[in-house]
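One file, start-v3.cif, is given below (mmCIF, N, CA and C atoms).
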```
data_final
#
loop_
_atom_site.label_atom_id
_atom_site.label_comp_id
_atom_site.auth_asym_id
_atom_site.auth_seq_id
_atom_site.Cartn_x
_atom_site.Cartn_y
_atom_site.Cartn_z
N MET A 1279 -42.22 29.30 142.00
CA MET A 1279 -41.78 30.25 141.00
C MET A 1279 -40.46 29.77 140.40
N VAL A 1280 -40.32 29.93 139.12
CA VAL A 1280 -39.14 29.45 138.41
C VAL A 1280 -38.01 30.45 138.57
N ASN A 1281 -36.84 29.97 138.96
CA ASN A 1281 -35.65 30.80 139.04
C ASN A 1281 -35.11 30.96 137.62
N SER A 1282 -35.21 32.17 137.07
CA SER A 1282 -34.85 32.41 135.67
C SER A 1282 -33.39 32.10 135.38
N GLU A 1283 -32.51 32.41 136.32
CA GLU A 1283 -31.08 32.16 136.10
C GLU A 1283 -30.80 30.66 136.03
N LYS A 1284 -31.38 29.91 136.94
CA LYS A 1284 -31.19 28.45 136.93
C LYS A 1284 -31.87 27.82 135.73
N PHE A 1285 -33.05 28.35 135.35
CA PHE A 1285 -33.74 27.86 134.16
C PHE A 1285 -32.85 28.06 132.94
N ALA A 1286 -32.21 29.21 132.84
CA ALA A 1286 -31.32 29.50 131.70
C ALA A 1286 -30.16 28.50 131.67
N GLU A 1287 -29.64 28.13 132.83
CA GLU A 1287 -28.56 27.14 132.89
C GLU A 1287 -29.05 25.78 132.39
N ARG A 1288 -30.26 25.40 132.78
CA ARG A 1288 -30.80 24.12 132.32
C ARG A 1288 -31.09 24.16 130.83
N LEU A 1289 -31.54 25.30 130.33
CA LEU A 1289 -31.77 25.47 128.90
C LEU A 1289 -30.46 25.29 128.14
N GLN A 1290 -29.39 25.88 128.66
CA GLN A 1290 -28.07 25.75 128.03
C GLN A 1290 -27.61 24.29 128.07
N LYS A 1291 -27.92 23.59 129.15
CA LYS A 1291 -27.54 22.18 129.26
C LYS A 1291 -28.24 21.35 128.18
N ILE A 1292 -29.51 21.65 127.91
CA ILE A 1292 -30.25 20.94 126.86
C ILE A 1292 -29.59 21.20 125.51
N MET A 1293 -29.27 22.47 125.24
CA MET A 1293 -28.63 22.81 123.96
C MET A 1293 -27.28 22.12 123.83
N ASP A 1294 -26.52 22.06 124.91
CA ASP A 1294 -25.22 21.38 124.88
C ASP A 1294 -25.38 19.88 124.63
N GLU A 1295 -26.37 19.28 125.28
CA GLU A 1295 -26.62 17.84 125.14
C GLU A 1295 -26.91 17.46 123.69
N TYR A 1296 -27.66 18.30 122.99
CA TYR A 1296 -28.03 18.01 121.60
C TYR A 1296 -27.13 18.73 120.60
N ASP A 1297 -26.08 19.37 121.10
CA ASP A 1297 -25.11 20.06 120.25
C ASP A 1297 -25.81 21.09 119.36
N LEU A 1298 -26.66 21.93 119.97
CA LEU A 1298 -27.41 22.94 119.24
C LEU A 1298 -26.99 24.33 119.69
N ASN A 1299 -26.95 25.26 118.75
CA ASN A 1299 -26.77 26.66 119.13
C ASN A 1299 -28.16 27.25 119.37
N ALA A 1300 -28.20 28.51 119.80
CA ALA A 1300 -29.48 29.14 120.13
C ALA A 1300 -30.41 29.20 118.91
N THR A 1301 -29.84 29.46 117.74
CA THR A 1301 -30.65 29.56 116.52
C THR A 1301 -31.30 28.23 116.17
N SER A 1302 -30.52 27.16 116.15
CA SER A 1302 -31.08 25.86 115.78
C SER A 1302 -32.03 25.34 116.87
N PHE A 1303 -31.76 25.68 118.13
CA PHE A 1303 -32.68 25.28 119.20
C PHE A 1303 -34.02 26.00 119.05
N ALA A 1304 -33.97 27.30 118.74
CA ALA A 1304 -35.21 28.07 118.53
C ALA A 1304 -36.00 27.49 117.37
N ASP A 1305 -35.31 27.10 116.30
CA ASP A 1305 -35.99 26.49 115.16
C ASP A 1305 -36.61 25.15 115.54
N ALA A 1306 -35.89 24.38 116.37
CA ALA A 1306 -36.37 23.05 116.76
C ALA A 1306 -37.65 23.12 117.58
N ILE A 1307 -37.77 24.15 118.41
CA ILE A 1307 -38.98 24.25 119.24
C ILE A 1307 -39.97 25.26 118.67
N ASP A 1308 -39.65 25.81 117.52
CA ASP A 1308 -40.55 26.71 116.79
C ASP A 1308 -40.91 27.96 117.58
N VAL A 1309 -39.86 28.66 118.05
CA VAL A 1309 -40.04 29.96 118.69
C VAL A 1309 -39.11 30.96 118.00
N GLY A 1310 -39.32 32.23 118.26
CA GLY A 1310 -38.45 33.25 117.71
C GLY A 1310 -37.04 33.12 118.27
N ARG A 1311 -36.08 33.41 117.44
CA ARG A 1311 -34.68 33.25 117.86
C ARG A 1311 -34.33 34.18 119.02
N SER A 1312 -34.94 35.35 119.06
CA SER A 1312 -34.64 36.29 120.14
C SER A 1312 -35.17 35.78 121.48
N SER A 1313 -36.18 34.93 121.46
CA SER A 1313 -36.74 34.38 122.71
C SER A 1313 -35.68 33.64 123.50
N ILE A 1314 -34.88 32.85 122.81
CA ILE A 1314 -33.82 32.08 123.49
C ILE A 1314 -32.81 33.04 124.11
N SER A 1315 -32.38 34.01 123.34
CA SER A 1315 -31.39 34.98 123.82
C SER A 1315 -31.91 35.75 125.03
N HIS A 1316 -33.16 36.17 124.99
CA HIS A 1316 -33.73 36.95 126.09
C HIS A 1316 -33.88 36.11 127.36
N ILE A 1317 -34.22 34.85 127.22
CA ILE A 1317 -34.36 33.99 128.40
C ILE A 1317 -32.99 33.67 128.99
N ILE A 1318 -32.03 33.37 128.14
CA ILE A 1318 -30.68 33.05 128.64
C ILE A 1318 -30.05 34.26 129.32
N SER A 1319 -30.29 35.45 128.78
CA SER A 1319 -29.71 36.66 129.38
C SER A 1319 -30.45 37.12 130.63
N GLY A 1320 -31.65 36.55 130.88
CA GLY A 1320 -32.42 36.93 132.05
C GLY A 1320 -33.37 38.08 131.81
N ARG A 1321 -33.43 38.57 130.59
CA ARG A 1321 -34.33 39.69 130.27
C ARG A 1321 -35.79 39.27 130.38
N ASN A 1322 -36.11 38.08 129.88
CA ASN A 1322 -37.48 37.57 129.93
C ASN A 1322 -37.54 36.28 130.73
N LYS A 1323 -38.72 36.00 131.27
CA LYS A 1323 -38.96 34.73 131.94
C LYS A 1323 -39.64 33.80 130.94
N PRO A 1324 -39.44 32.50 131.08
CA PRO A 1324 -40.07 31.57 130.13
C PRO A 1324 -41.58 31.49 130.35
N SER A 1325 -42.31 31.48 129.26
CA SER A 1325 -43.77 31.34 129.35
C SER A 1325 -44.13 29.86 129.39
N LEU A 1326 -45.36 29.57 129.75
CA LEU A 1326 -45.83 28.19 129.75
C LEU A 1326 -45.75 27.60 128.35
N GLU A 1327 -46.12 28.39 127.35
CA GLU A 1327 -46.05 27.93 125.96
C GLU A 1327 -44.62 27.57 125.57
N PHE A 1328 -43.66 28.38 125.97
CA PHE A 1328 -42.25 28.13 125.68
C PHE A 1328 -41.81 26.81 126.31
N VAL A 1329 -42.14 26.63 127.58
CA VAL A 1329 -41.76 25.40 128.29
C VAL A 1329 -42.39 24.18 127.63
N MET A 1330 -43.66 24.27 127.27
CA MET A 1330 -44.35 23.13 126.66
C MET A 1330 -43.76 22.79 125.28
N LYS A 1331 -43.30 23.80 124.55
CA LYS A 1331 -42.67 23.53 123.26
C LYS A 1331 -41.37 22.76 123.44
N ILE A 1332 -40.63 23.06 124.50
CA ILE A 1332 -39.40 22.31 124.78
C ILE A 1332 -39.75 20.86 125.10
N ILE A 1333 -40.75 20.65 125.95
CA ILE A 1333 -41.15 19.30 126.34
C ILE A 1333 -41.66 18.51 125.14
N ASP A 1334 -42.40 19.16 124.25
CA ASP A 1334 -42.91 18.48 123.05
C ASP A 1334 -41.79 18.10 122.09
N ALA A 1335 -40.84 19.01 121.90
CA ALA A 1335 -39.76 18.76 120.93
C ALA A 1335 -38.70 17.81 121.48
N PHE A 1336 -38.52 17.80 122.79
CA PHE A 1336 -37.49 16.97 123.42
C PHE A 1336 -38.11 16.15 124.55
N PRO A 1337 -38.71 15.01 124.22
CA PRO A 1337 -39.39 14.21 125.24
C PRO A 1337 -38.45 13.66 126.32
N GLU A 1338 -37.15 13.73 126.09
CA GLU A 1338 -36.19 13.25 127.10
C GLU A 1338 -36.07 14.24 128.26
N VAL A 1339 -36.58 15.45 128.09
CA VAL A 1339 -36.50 16.47 129.12
C VAL A 1339 -37.69 16.31 130.07
N GLU A 1340 -37.39 16.17 131.36
CA GLU A 1340 -38.45 16.07 132.36
C GLU A 1340 -38.93 17.47 132.71
N LEU A 1341 -40.22 17.64 132.75
CA LEU A 1341 -40.81 18.94 133.05
C LEU A 1341 -40.37 19.45 134.42
N TYR A 1342 -40.41 18.58 135.42
CA TYR A 1342 -40.04 19.00 136.77
C TYR A 1342 -38.58 19.42 136.84
N TRP A 1343 -37.72 18.70 136.13
CA TRP A 1343 -36.30 19.07 136.09
C TRP A 1343 -36.13 20.43 135.42
N LEU A 1344 -36.81 20.63 134.30
CA LEU A 1344 -36.69 21.89 133.56
C LEU A 1344 -37.12 23.08 134.41
N LEU A 1345 -38.22 22.93 135.14
CA LEU A 1345 -38.74 24.04 135.93
C LEU A 1345 -38.02 24.24 137.25
N ASN A 1346 -37.71 23.13 137.95
CA ASN A 1346 -37.19 23.24 139.31
C ASN A 1346 -35.77 22.71 139.50
N GLY A 1347 -35.25 22.03 138.52
CA GLY A 1347 -33.90 21.47 138.66
C GLY A 1347 -33.86 20.18 139.44
N LYS A 1348 -35.03 19.64 139.79
CA LYS A 1348 -35.08 18.39 140.55
C LYS A 1348 -35.46 17.27 139.60
N GLY A 1349 -34.81 16.15 139.76
CA GLY A 1349 -35.02 15.05 138.83
C GLY A 1349 -33.75 14.85 138.03
N SER A 1350 -33.88 14.37 136.83
CA SER A 1350 -32.69 14.09 136.03
C SER A 1350 -32.90 14.52 134.59
N PHE A 1351 -31.79 14.76 133.94
CA PHE A 1351 -31.80 15.02 132.50
C PHE A 1351 -30.61 14.30 131.91
N PRO A 1352 -30.75 13.58 130.83
CA PRO A 1352 -32.02 13.20 130.22
C PRO A 1352 -32.76 12.22 131.12
N LYS A 1353 -34.04 11.98 130.79
CA LYS A 1353 -34.86 11.07 131.60
C LYS A 1353 -34.15 9.75 131.77
N ARG A 1354 -34.24 9.21 132.95
CA ARG A 1354 -33.66 7.89 133.23
C ARG A 1354 -34.63 6.84 132.71
N THR A 1355 -34.13 5.94 131.89
CA THR A 1355 -34.94 4.84 131.39
C THR A 1355 -34.19 3.55 131.66
N THR A 1356 -34.86 2.44 131.45
CA THR A 1356 -34.21 1.16 131.70
C THR A 1356 -33.08 0.93 130.70
N ALA A 1357 -33.25 1.37 129.49
CA ALA A 1357 -32.19 1.25 128.48
C ALA A 1357 -31.63 2.63 128.22
N GLU A 1358 -30.52 2.96 128.90
CA GLU A 1358 -29.91 4.27 128.74
C GLU A 1358 -29.34 4.41 127.34
N THR A 1359 -29.70 5.49 126.68
CA THR A 1359 -29.15 5.77 125.36
C THR A 1359 -28.68 7.20 125.32
N LYS A 1360 -27.59 7.44 124.66
CA LYS A 1360 -27.04 8.78 124.50
C LYS A 1360 -27.34 9.24 123.09
N VAL A 1361 -27.96 10.41 122.97
CA VAL A 1361 -28.27 10.96 121.66
C VAL A 1361 -27.02 11.66 121.15
N SER A 1362 -26.57 11.27 119.99
CA SER A 1362 -25.39 11.89 119.43
C SER A 1362 -25.80 12.81 118.29
N PRO A 1363 -25.01 13.87 118.05
CA PRO A 1363 -25.36 14.80 116.99
C PRO A 1363 -25.34 14.14 115.62
N VAL A 1364 -26.11 14.70 114.72
CA VAL A 1364 -26.18 14.17 113.36
C VAL A 1364 -24.90 14.50 112.63
N LYS A 1365 -24.32 13.52 111.98
CA LYS A 1365 -23.10 13.74 111.22
C LYS A 1365 -23.47 14.31 109.86
N GLN A 1366 -22.65 15.22 109.39
CA GLN A 1366 -22.93 15.91 108.14
C GLN A 1366 -22.59 15.08 106.91
N ASN A 1367 -21.47 14.40 106.92
CA ASN A 1367 -21.01 13.68 105.73
C ASN A 1367 -21.09 12.18 105.94
N TYR A 1368 -21.76 11.52 105.04
CA TYR A 1368 -21.87 10.08 105.11
C TYR A 1368 -21.15 9.47 103.93
N GLU A 1369 -20.47 8.39 104.17
CA GLU A 1369 -19.82 7.66 103.10
C GLU A 1369 -20.79 6.60 102.60
N LEU A 1370 -21.06 6.60 101.32
CA LEU A 1370 -21.95 5.60 100.75
C LEU A 1370 -21.10 4.44 100.23
N ASP A 1371 -21.55 3.25 100.55
CA ASP A 1371 -20.80 2.06 100.16
C ASP A 1371 -21.57 1.34 99.06
N PHE A 1372 -21.20 1.62 97.80
CA PHE A 1372 -21.81 0.93 96.68
C PHE A 1372 -20.80 0.85 95.55
N ASP A 1373 -21.09 -0.01 94.63
CA ASP A 1373 -20.18 -0.27 93.51
C ASP A 1373 -20.29 0.85 92.49
N ARG A 1374 -19.22 1.61 92.31
CA ARG A 1374 -19.22 2.72 91.35
C ARG A 1374 -18.69 2.29 89.99
N SER A 1375 -18.33 1.03 89.85
CA SER A 1375 -17.75 0.57 88.59
C SER A 1375 -18.81 0.38 87.51
N SER A 1376 -20.06 0.28 87.88
CA SER A 1376 -21.12 0.09 86.90
C SER A 1376 -21.27 1.36 86.07
N SER A 1377 -21.29 1.21 84.74
CA SER A 1377 -21.38 2.37 83.87
C SER A 1377 -22.82 2.82 83.65
N GLU A 1378 -23.77 1.96 83.96
CA GLU A 1378 -25.17 2.32 83.75
C GLU A 1378 -25.72 3.04 84.98
N PRO A 1379 -26.41 4.16 84.75
CA PRO A 1379 -27.03 4.84 85.89
C PRO A 1379 -28.21 4.02 86.41
N PRO A 1380 -28.53 4.15 87.68
CA PRO A 1380 -29.66 3.40 88.22
C PRO A 1380 -30.96 3.86 87.57
N GLN A 1381 -31.87 2.92 87.38
CA GLN A 1381 -33.16 3.22 86.76
C GLN A 1381 -34.16 3.58 87.85
N VAL A 1382 -34.86 4.68 87.63
CA VAL A 1382 -35.86 5.14 88.57
C VAL A 1382 -37.21 5.02 87.90
N SER A 1383 -38.14 4.36 88.56
CA SER A 1383 -39.47 4.21 87.98
C SER A 1383 -40.46 5.07 88.74
N GLY A 1384 -41.50 5.52 88.06
CA GLY A 1384 -42.53 6.34 88.70
C GLY A 1384 -42.13 7.80 88.69
N SER A 1385 -43.05 8.62 89.12
CA SER A 1385 -42.77 10.05 89.15
C SER A 1385 -42.44 10.49 90.57
N ALA A 1386 -41.82 11.65 90.68
CA ALA A 1386 -41.43 12.16 91.98
C ALA A 1386 -42.64 12.58 92.80
N SER A 1387 -43.77 12.79 92.15
CA SER A 1387 -44.95 13.24 92.88
C SER A 1387 -45.72 12.09 93.53
N GLU A 1388 -45.34 10.85 93.24
CA GLU A 1388 -46.01 9.72 93.87
C GLU A 1388 -45.71 9.72 95.36
N GLN A 1389 -46.70 9.34 96.15
CA GLN A 1389 -46.50 9.25 97.58
C GLN A 1389 -46.61 7.79 98.00
N TYR A 1390 -45.75 7.41 98.91
CA TYR A 1390 -45.74 6.04 99.39
C TYR A 1390 -46.17 6.03 100.85
N ASP A 1391 -47.00 5.09 101.19
CA ASP A 1391 -47.47 4.95 102.56
C ASP A 1391 -47.05 3.58 103.06
N GLU A 1392 -45.88 3.53 103.68
CA GLU A 1392 -45.35 2.26 104.18
C GLU A 1392 -45.39 2.28 105.70
N ARG A 1393 -46.55 2.13 106.25
CA ARG A 1393 -46.70 2.11 107.70
C ARG A 1393 -46.61 0.68 108.21
N THR A 1394 -46.07 0.55 109.37
CA THR A 1394 -46.05 -0.73 110.05
C THR A 1394 -47.38 -0.83 110.79
N GLU A 1395 -48.08 -1.93 110.58
CA GLU A 1395 -49.39 -2.11 111.21
C GLU A 1395 -49.28 -1.98 112.72
N GLY A 1396 -50.17 -1.20 113.30
CA GLY A 1396 -50.22 -1.05 114.74
C GLY A 1396 -49.11 -0.18 115.31
N SER A 1397 -48.37 0.51 114.48
CA SER A 1397 -47.27 1.33 114.95
C SER A 1397 -47.49 2.77 114.51
N PRO A 1398 -48.07 3.61 115.39
CA PRO A 1398 -48.35 4.99 115.00
C PRO A 1398 -47.06 5.82 114.92
N ILE A 1399 -47.11 6.87 114.13
CA ILE A 1399 -45.96 7.76 113.99
C ILE A 1399 -45.83 8.57 115.27
N GLU A 1400 -44.63 8.57 115.83
CA GLU A 1400 -44.40 9.31 117.06
C GLU A 1400 -43.89 10.72 116.77
N ARG A 1401 -42.92 10.82 115.84
CA ARG A 1401 -42.33 12.12 115.55
C ARG A 1401 -41.69 12.08 114.18
N ILE A 1402 -41.75 13.20 113.46
CA ILE A 1402 -41.11 13.34 112.16
C ILE A 1402 -40.05 14.42 112.32
N VAL A 1403 -38.81 14.11 111.95
CA VAL A 1403 -37.72 15.06 112.07
C VAL A 1403 -37.13 15.30 110.69
N ILE A 1404 -37.01 16.57 110.31
CA ILE A 1404 -36.40 16.95 109.04
C ILE A 1404 -35.06 17.59 109.33
N PHE A 1405 -33.99 17.04 108.74
CA PHE A 1405 -32.65 17.57 108.94
C PHE A 1405 -32.24 18.38 107.72
N TYR A 1406 -31.73 19.58 107.96
CA TYR A 1406 -31.29 20.46 106.89
C TYR A 1406 -29.77 20.40 106.75
N LYS A 1407 -29.26 20.76 105.58
CA LYS A 1407 -27.83 20.69 105.31
C LYS A 1407 -27.01 21.61 106.20
N ASP A 1408 -27.60 22.69 106.73
CA ASP A 1408 -26.85 23.61 107.58
C ASP A 1408 -26.75 23.12 109.03
N GLY A 1409 -27.20 21.89 109.29
CA GLY A 1409 -27.08 21.30 110.62
C GLY A 1409 -28.29 21.53 111.51
N THR A 1410 -29.26 22.29 111.05
CA THR A 1410 -30.46 22.51 111.84
C THR A 1410 -31.49 21.44 111.52
N PHE A 1411 -32.53 21.39 112.32
CA PHE A 1411 -33.58 20.42 112.08
C PHE A 1411 -34.90 20.96 112.58
N LYS A 1412 -35.97 20.35 112.16
CA LYS A 1412 -37.31 20.70 112.61
C LYS A 1412 -38.00 19.41 113.02
N SER A 1413 -38.69 19.44 114.13
CA SER A 1413 -39.35 18.27 114.66
C SER A 1413 -40.86 18.50 114.67
N PHE A 1414 -41.61 17.53 114.19
CA PHE A 1414 -43.06 17.61 114.14
C PHE A 1414 -43.66 16.41 114.85
N ARG A 1415 -44.74 16.65 115.58
CA ARG A 1415 -45.49 15.57 116.22
C ARG A 1415 -46.89 15.58 115.65
N PRO A 1416 -47.38 14.41 115.20
CA PRO A 1416 -48.75 14.35 114.65
C PRO A 1416 -49.80 14.59 115.72
#
```
Could you show the structure in this file as C-alpha cells?
Amino acid sequence: MVNSEKFAERLQKIMDEYDLNATSFADAIDVGRSSISHIISGRNKPSLEFVMKIIDAFPEVELYWLLNGKGSFPKRTTAETKVSPVKQNYELDFDRSSSEPPQVSGSASEQYDERTEGSPIERIVIFYKDGTFKSFRP
C-alpha cells in the first residue's frame, strides 16, 4: 500500500527537480489542477492512472521509487545528466546591421517532414511563454 504522505513528498521532489509549480505540473501530466493539491494535502490517494501519467510524462522517474521510495530519482544512467529549467529569454546572435528584412518563401500552412531515418519520435514538448509546457508521446 502506498503511504500517501511519503508519496506527496516524492511528488514535491519531482516538481522541485523540474522547477514546476502544482499548476504547471498538472498541465504537464494532463490532470486537473486540484488533483495535485488534493494528493499533496493528503485528501486523496493517487490513482493508478495518475501514477502512470507521471511515469509517461517524466521517464526519469522510477515507478518503484515513486510508489515505495526505494530506488533512485532521477534514474541512474551511465551518463548522468541534470535537467535544467527552460530559460525564458534567449539572446539571438545575428547581424542587425542589414537593412533588408529576411525573405521567407512558401506559406505558413506548409508542413515539413524532416525525420532522421531509423529514428522514431520519442516525445514532443511544447513550451509556452508563461513557463508551462505540455508533453506528448506518440
Q: Kindly give the distance, in Å, that separates atom CA of Ile1402 of chain A and atom N of Phe1414 of chain A, rounded to a single decimal.
A: 4.7 Å
Q: Spell out the residues picked by the PyMOL selection byres ((chain A and resi 1288-1302) around 6) here, as a ChimeraX atom specification.
A: /A:1284-1287,1303-1306,1311,1363,1410-1411
Got time to write the residues from that selection, N, CA and C atoms, as an mmCIF file, in the frame of the given file?
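Here's the written file again.cif:
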```cif
data_model
loop_
_atom_site.group_PDB
_atom_site.id
_atom_site.type_symbol
_atom_site.label_atom_id
_atom_site.label_comp_id
_atom_site.auth_asym_id
_atom_site.auth_seq_id
_atom_site.Cartn_x
_atom_site.Cartn_y
_atom_site.Cartn_z
ATOM 1 N N LYS A 1284 -31.380 29.910 136.940
ATOM 2 C CA LYS A 1284 -31.190 28.450 136.930
ATOM 3 C C LYS A 1284 -31.870 27.820 135.730
ATOM 4 N N PHE A 1285 -33.050 28.350 135.350
ATOM 5 C CA PHE A 1285 -33.740 27.860 134.160
ATOM 6 C C PHE A 1285 -32.850 28.060 132.940
ATOM 7 N N ALA A 1286 -32.210 29.210 132.840
ATOM 8 C CA ALA A 1286 -31.320 29.500 131.700
ATOM 9 C C ALA A 1286 -30.160 28.500 131.670
ATOM 10 N N GLU A 1287 -29.640 28.130 132.830
ATOM 11 C CA GLU A 1287 -28.560 27.140 132.890
ATOM 12 C C GLU A 1287 -29.050 25.780 132.390
ATOM 13 N N PHE A 1303 -31.760 25.680 118.130
ATOM 14 C CA PHE A 1303 -32.680 25.280 119.200
ATOM 15 C C PHE A 1303 -34.020 26.000 119.050
ATOM 16 N N ALA A 1304 -33.970 27.300 118.740
ATOM 17 C CA ALA A 1304 -35.210 28.070 118.530
ATOM 18 C C ALA A 1304 -36.000 27.490 117.370
ATOM 19 N N ASP A 1305 -35.310 27.100 116.300
ATOM 20 C CA ASP A 1305 -35.990 26.490 115.160
ATOM 21 C C ASP A 1305 -36.610 25.150 115.540
ATOM 22 N N ALA A 1306 -35.890 24.380 116.370
ATOM 23 C CA ALA A 1306 -36.370 23.050 116.760
ATOM 24 C C ALA A 1306 -37.650 23.120 117.580
ATOM 25 N N ARG A 1311 -36.080 33.410 117.440
ATOM 26 C CA ARG A 1311 -34.680 33.250 117.860
ATOM 27 C C ARG A 1311 -34.330 34.180 119.020
ATOM 28 N N PRO A 1363 -25.010 13.870 118.050
ATOM 29 C CA PRO A 1363 -25.360 14.800 116.990
ATOM 30 C C PRO A 1363 -25.340 14.140 115.620
ATOM 31 N N THR A 1410 -29.260 22.290 111.050
ATOM 32 C CA THR A 1410 -30.460 22.510 111.840
ATOM 33 C C THR A 1410 -31.490 21.440 111.520
ATOM 34 N N PHE A 1411 -32.530 21.390 112.320
ATOM 35 C CA PHE A 1411 -33.580 20.420 112.080
ATOM 36 C C PHE A 1411 -34.900 20.960 112.580
#
```
Q: Enumerate, as a PyMOL selection string, the residues matched when the PyMOL selection byres ((chain A and resi 1403) around 5) is run on the file above.
A: chain A and resi 1401-1402+1404-1405+1412-1414
(Q) Restricting the calculation to all atoms listed in the file: of A:Ile1307, A:Ile1314, A:Ser1350, A:Trp1343, which residue gets closest to Met1330 of chain A? (A) A:Ile1307
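Note that the spacing between atom CA of Asp1308 of chain A and atom CA of Ser1397 of chain A amounts to 26.3 Å.
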